[in-house]
file run-v3.json (JSON, N, CA and C atoms)
[["chain", "number", "residue", "atom", "x", "y", "z"],
["T", 1, "MET", "N", 0.88, -15.00, -7.80],
["T", 1, "MET", "CA", 1.51, -13.78, -7.31],
["T", 1, "MET", "C", 0.86, -13.39, -5.97],
["T", 2, "PRO", "N", 1.67, -13.14, -4.95],
["T", 2, "PRO", "CA", 1.10, -12.79, -3.64],
["T", 2, "PRO", "C", 0.45, -11.41, -3.65],
["T", 3, "SER", "N", -0.57, -11.27, -2.83],
["T", 3, "SER", "CA", -1.25, -9.97, -2.70],
["T", 3, "SER", "C", -0.42, -9.04, -1.82],
["T", 4, "LEU", "N", -0.75, -7.77, -1.85],
["T", 4, "LEU", "CA", -0.05, -6.80, -1.00],
["T", 4, "LEU", "C", -0.21, -7.18, 0.46],
["T", 5, "THR", "N", -1.39, -7.62, 0.83],
["T", 5, "THR", "CA", -1.65, -8.05, 2.21],
["T", 5, "THR", "C", -0.71, -9.19, 2.60],
["T", 6, "GLU", "N", -0.56, -10.16, 1.72],
["T", 6, "GLU", "CA", 0.32, -11.30, 2.00],
["T", 6, "GLU", "C", 1.79, -10.86, 2.10],
["T", 7, "ILE", "N", 2.19, -9.95, 1.25],
["T", 7, "ILE", "CA", 3.58, -9.45, 1.28],
["T", 7, "ILE", "C", 3.86, -8.73, 2.59],
["T", 8, "LEU", "N", 2.95, -7.83, 2.98],
["T", 8, "LEU", "CA", 3.16, -7.08, 4.23],
["T", 8, "LEU", "C", 3.13, -8.00, 5.45],
["T", 9, "ARG", "N", 2.23, -8.97, 5.46],
["T", 9, "ARG", "CA", 2.15, -9.92, 6.58],
["T", 9, "ARG", "C", 3.44, -10.74, 6.66],
["T", 10, "ASP", "N", 3.96, -11.16, 5.50],
["T", 10, "ASP", "CA", 5.21, -11.91, 5.46],
["T", 10, "ASP", "C", 6.37, -11.08, 6.01],
["T", 11, "ARG", "N", 6.45, -9.81, 5.60],
["T", 11, "ARG", "CA", 7.52, -8.93, 6.09],
["T", 11, "ARG", "C", 7.41, -8.73, 7.60],
["T", 12, "ALA", "N", 6.19, -8.60, 8.09],
["T", 12, "ALA", "CA", 5.98, -8.42, 9.53],
["T", 12, "ALA", "C", 6.46, -9.64, 10.31],
["T", 13, "GLN", "N", 6.30, -10.82, 9.72],
["T", 13, "GLN", "CA", 6.74, -12.04, 10.40],
["T", 13, "GLN", "C", 8.25, -12.23, 10.30],
["T", 14, "ARG", "N", 8.81, -11.93, 9.13],
["T", 14, "ARG", "CA", 10.24, -12.19, 8.91],
["T", 14, "ARG", "C", 11.15, -11.06, 9.39],
["T", 15, "HIS", "N", 10.66, -9.82, 9.35],
["T", 15, "HIS", "CA", 11.48, -8.66, 9.70],
["T", 15, "HIS", "C", 10.66, -7.65, 10.51],
["T", 16, "PRO", "N", 10.17, -8.04, 11.67],
["T", 16, "PRO", "CA", 9.25, -7.19, 12.42],
["T", 16, "PRO", "C", 9.81, -5.84, 12.84],
["T", 17, "ASP", "N", 11.11, -5.74, 13.01],
["T", 17, "ASP", "CA", 11.67, -4.48, 13.51],
["T", 17, "ASP", "C", 12.26, -3.60, 12.41],
["T", 18, "ARG", "N", 12.13, -4.00, 11.17],
["T", 18, "ARG", "CA", 12.57, -3.16, 10.06],
["T", 18, "ARG", "C", 11.54, -2.06, 9.82],
["T", 19, "VAL", "N", 12.01, -0.95, 9.32],
["T", 19, "VAL", "CA", 11.11, 0.17, 9.04],
["T", 19, "VAL", "C", 10.27, -0.16, 7.81],
["T", 20, "ALA", "N", 8.95, -0.05, 7.98],
["T", 20, "ALA", "CA", 8.02, -0.29, 6.89],
["T", 20, "ALA", "C", 7.66, 1.01, 6.20],
["T", 21, "PHE", "N", 7.48, 2.08, 6.99],
["T", 21, "PHE", "CA", 7.08, 3.37, 6.46],
["T", 21, "PHE", "C", 7.87, 4.46, 7.16],
["T", 22, "HIS", "N", 8.18, 5.49, 6.40],
["T", 22, "HIS", "CA", 8.94, 6.61, 6.95],
["T", 22, "HIS", "C", 8.34, 7.89, 6.37],
["T", 23, "ALA", "N", 7.94, 8.81, 7.24],
["T", 23, "ALA", "CA", 7.39, 10.10, 6.79],
["T", 23, "ALA", "C", 7.90, 11.17, 7.74],
["T", 24, "GLY", "N", 8.77, 12.02, 7.23],
["T", 24, "GLY", "CA", 9.35, 13.06, 8.08],
["T", 24, "GLY", "C", 10.13, 12.44, 9.22],
["T", 25, "ASP", "N", 9.79, 12.81, 10.45],
["T", 25, "ASP", "CA", 10.46, 12.26, 11.62],
["T", 25, "ASP", "C", 9.78, 11.00, 12.15],
["T", 26, "ASN", "N", 8.73, 10.56, 11.50],
["T", 26, "ASN", "CA", 7.96, 9.41, 11.98],
["T", 26, "ASN", "C", 8.31, 8.15, 11.21],
["T", 27, "THR", "N", 8.48, 7.06, 11.95],
["T", 27, "THR", "CA", 8.70, 5.76, 11.32],
["T", 27, "THR", "C", 7.73, 4.75, 11.92],
["T", 28, "LEU", "N", 7.48, 3.71, 11.16],
["T", 28, "LEU", "CA", 6.60, 2.65, 11.61],
["T", 28, "LEU", "C", 7.24, 1.34, 11.18],
["T", 29, "THR", "N", 7.45, 0.43, 12.12],
["T", 29, "THR", "CA", 8.03, -0.86, 11.77],
["T", 29, "THR", "C", 6.94, -1.77, 11.21],
["T", 30, "TYR", "N", 7.37, -2.86, 10.60],
["T", 30, "TYR", "CA", 6.39, -3.82, 10.09],
["T", 30, "TYR", "C", 5.55, -4.37, 11.23],
["T", 31, "ARG", "N", 6.14, -4.59, 12.39],
["T", 31, "ARG", "CA", 5.38, -5.08, 13.55],
["T", 31, "ARG", "C", 4.30, -4.07, 13.95],
["T", 32, "GLU", "N", 4.67, -2.81, 14.05],
["T", 32, "GLU", "CA", 3.71, -1.77, 14.43],
["T", 32, "GLU", "C", 2.61, -1.62, 13.38],
["T", 33, "PHE", "N", 3.00, -1.68, 12.11],
["T", 33, "PHE", "CA", 2.01, -1.58, 11.04],
["T", 33, "PHE", "C", 1.03, -2.75, 11.11],
["T", 34, "ASP", "N", 1.55, -3.95, 11.29],
["T", 34, "ASP", "CA", 0.72, -5.15, 11.39],
["T", 34, "ASP", "C", -0.25, -5.05, 12.56],
["T", 35, "GLN", "N", 0.23, -4.55, 13.70],
["T", 35, "GLN", "CA", -0.63, -4.39, 14.87],
["T", 35, "GLN", "C", -1.73, -3.37, 14.61],
["T", 36, "ARG", "N", -1.41, -2.28, 13.95],
["T", 36, "ARG", "CA", -2.42, -1.25, 13.64],
["T", 36, "ARG", "C", -3.47, -1.78, 12.68],
["T", 37, "VAL", "N", -3.02, -2.55, 11.70],
["T", 37, "VAL", "CA", -3.97, -3.14, 10.74],
["T", 37, "VAL", "C", -4.91, -4.10, 11.47],
["T", 38, "ASP", "N", -4.36, -4.92, 12.35],
["T", 38, "ASP", "CA", -5.19, -5.85, 13.12],
["T", 38, "ASP", "C", -6.22, -5.13, 13.97],
["T", 39, "ARG", "N", -5.80, -4.04, 14.63],
["T", 39, "ARG", "CA", -6.74, -3.26, 15.46],
["T", 39, "ARG", "C", -7.83, -2.63, 14.60],
["T", 40, "ALA", "N", -7.45, -2.10, 13.45],
["T", 40, "ALA", "CA", -8.44, -1.49, 12.56],
["T", 40, "ALA", "C", -9.43, -2.54, 12.05],
["T", 41, "ALA", "N", -8.93, -3.71, 11.69],
["T", 41, "ALA", "CA", -9.81, -4.78, 11.20],
["T", 41, "ALA", "C", -10.77, -5.22, 12.30],
["T", 42, "ALA", "N", -10.28, -5.34, 13.53],
["T", 42, "ALA", "CA", -11.13, -5.75, 14.66],
["T", 42, "ALA", "C", -12.21, -4.70, 14.92],
["T", 43, "ALA", "N", -11.84, -3.43, 14.84],
["T", 43, "ALA", "CA", -12.81, -2.37, 15.05],
["T", 43, "ALA", "C", -13.88, -2.38, 13.97],
["T", 44, "LEU", "N", -13.48, -2.60, 12.73],
["T", 44, "LEU", "CA", -14.44, -2.68, 11.64],
["T", 44, "LEU", "C", -15.37, -3.88, 11.81],
["T", 45, "ALA", "N", -14.80, -5.01, 12.20],
["T", 45, "ALA", "CA", -15.61, -6.22, 12.40],
["T", 45, "ALA", "C", -16.61, -6.01, 13.55],
["T", 46, "ALA", "N", -16.17, -5.37, 14.61],
["T", 46, "ALA", "CA", -17.03, -5.13, 15.76],
["T", 46, "ALA", "C", -18.17, -4.17, 15.42],
["T", 47, "SER", "N", -17.92, -3.27, 14.48],
["T", 47, "SER", "CA", -18.95, -2.30, 14.10],
["T", 47, "SER", "C", -19.91, -2.87, 13.06],
["T", 48, "GLY", "N", -19.59, -4.04, 12.55],
["T", 48, "GLY", "CA", -20.44, -4.65, 11.54],
["T", 48, "GLY", "C", -20.09, -4.23, 10.12],
["T", 49, "ILE", "N", -19.05, -3.45, 9.96],
["T", 49, "ILE", "CA", -18.65, -2.98, 8.62],
["T", 49, "ILE", "C", -17.81, -4.02, 7.90],
["T", 50, "GLY", "N", -16.94, -4.69, 8.64],
["T", 50, "GLY", "CA", -15.99, -5.63, 8.02],
["T", 50, "GLY", "C", -16.56, -6.95, 7.90]]
call {"tool": "encode", "arguments": {"input": "run-v3.json", "output": "structure tokens"}}
result
Amino acid sequence: MPSLTEILRDRAQRHPDRVAFHAGDNTLTYREFDQRVDRAAAALAASGIG
């Protein structure tokens, strides 16, 4: 069974412009979500936390 990380990464690759999250007037596509996760992971790795 794929992990949540694998599912989200797959969606970002197959459907990058589909809405991943919607809250009020704000939306985030799978591409945008994937980019934010990558930036957060890089920041954590650079700080020695990740």
call {"tool": "atom_distance", "arguments": {"input": "run-v3.json", "atom1": "CA of Gln35 (chain T)", "atom2": "CA of Asp10 (chain T)"}}
result
13.4 Å
call {"tool": "residues_around", "arguments": {"input": "run-v3.json", "residues": "Ala20 (chain T)", "least_positions_apart": "2", "cutoff": "10 Å", "atoms": "only C-alpha atoms", "output": "tab-separated table (two decimals) with N, CA and C atoms, in the frame of the given file"}}
result
chain	number	residue	atom	x	y	z
T	8	LEU	N	2.95	-7.83	2.98
T	8	LEU	CA	3.16	-7.08	4.23
T	8	LEU	C	3.13	-8.00	5.45
T	11	ARG	N	6.45	-9.81	5.60
T	11	ARG	CA	7.52	-8.93	6.09
T	11	ARG	C	7.41	-8.73	7.60
T	12	ALA	N	6.19	-8.60	8.09
T	12	ALA	CA	5.98	-8.42	9.53
T	12	ALA	C	6.46	-9.64	10.31
T	15	HIS	N	10.66	-9.82	9.35
T	15	HIS	CA	11.48	-8.66	9.70
T	15	HIS	C	10.66	-7.65	10.51
T	16	PRO	N	10.17	-8.04	11.67
T	16	PRO	CA	9.25	-7.19	12.42
T	16	PRO	C	9.81	-5.84	12.84
T	17	ASP	N	11.11	-5.74	13.01
T	17	ASP	CA	11.67	-4.48	13.51
T	17	ASP	C	12.26	-3.60	12.41
T	18	ARG	N	12.13	-4.00	11.17
T	18	ARG	CA	12.57	-3.16	10.06
T	18	ARG	C	11.54	-2.06	9.82
T	22	HIS	N	8.18	5.49	6.40
T	22	HIS	CA	8.94	6.61	6.95
T	22	HIS	C	8.34	7.89	6.37
T	27	THR	N	8.48	7.06	11.95
T	27	THR	CA	8.70	5.76	11.32
T	27	THR	C	7.73	4.75	11.92
T	28	LEU	N	7.48	3.71	11.16
T	28	LEU	CA	6.60	2.65	11.61
T	28	LEU	C	7.24	1.34	11.18
T	29	THR	N	7.45	0.43	12.12
T	29	THR	CA	8.03	-0.86	11.77
T	29	THR	C	6.94	-1.77	11.21
T	30	TYR	N	7.37	-2.86	10.60
T	30	TYR	CA	6.39	-3.82	10.09
T	30	TYR	C	5.55	-4.37	11.23
T	31	ARG	N	6.14	-4.59	12.39
T	31	ARG	CA	5.38	-5.08	13.55
T	31	ARG	C	4.30	-4.07	13.95
T	32	GLU	N	4.67	-2.81	14.05
T	32	GLU	CA	3.71	-1.77	14.43
T	32	GLU	C	2.61	-1.62	13.38
T	33	PHE	N	3.00	-1.68	12.11
T	33	PHE	CA	2.01	-1.58	11.04
T	33	PHE	C	1.03	-2.75	11.11
T	34	ASP	N	1.55	-3.95	11.29
T	34	ASP	CA	0.72	-5.15	11.39
T	34	ASP	C	-0.25	-5.05	12.56
call {"tool": "select_by_dssp", "arguments": {"input": "run-v3.json", "residues": "chain T", "states": "strand (DSSP E or B)", "output": "list in words"}}
result
Val19, Ala20, Phe21, His22, Ala23, Asn26, Thr27, Leu28 and Thr29 of chain T
call {"tool": "atom_distance", "arguments": {"input": "run-v3.json", "atom1": "atom C of Arg39 (chain T)", "atom2": "atom N of Gln13 (chain T)"}}
result
17.0 Å
call {"tool": "atom_distance", "arguments": {"input": "run-v3.json", "atom1": "atom N of Ala42 (chain T)", "atom2": "CA of Asp25 (chain T)"}}
result
27.3 Å
call {"tool": "select_by_dssp", "arguments": {"input": "run-v3.json", "residues": "chain T", "states": "alpha helix (DSSP H)", "output": "list in words"}}
result
Leu4, Thr5, Glu6, Ile7, Leu8, Arg9, Asp10, Arg11, Ala12, Gln13, Arg14, Tyr30, Arg31, Glu32, Phe33, Asp34, Gln35, Arg36, Val37, Asp38, Arg39, Ala40, Ala41, Ala42, Ala43, Leu44, Ala45, Ala46 and Ser47 of chain T
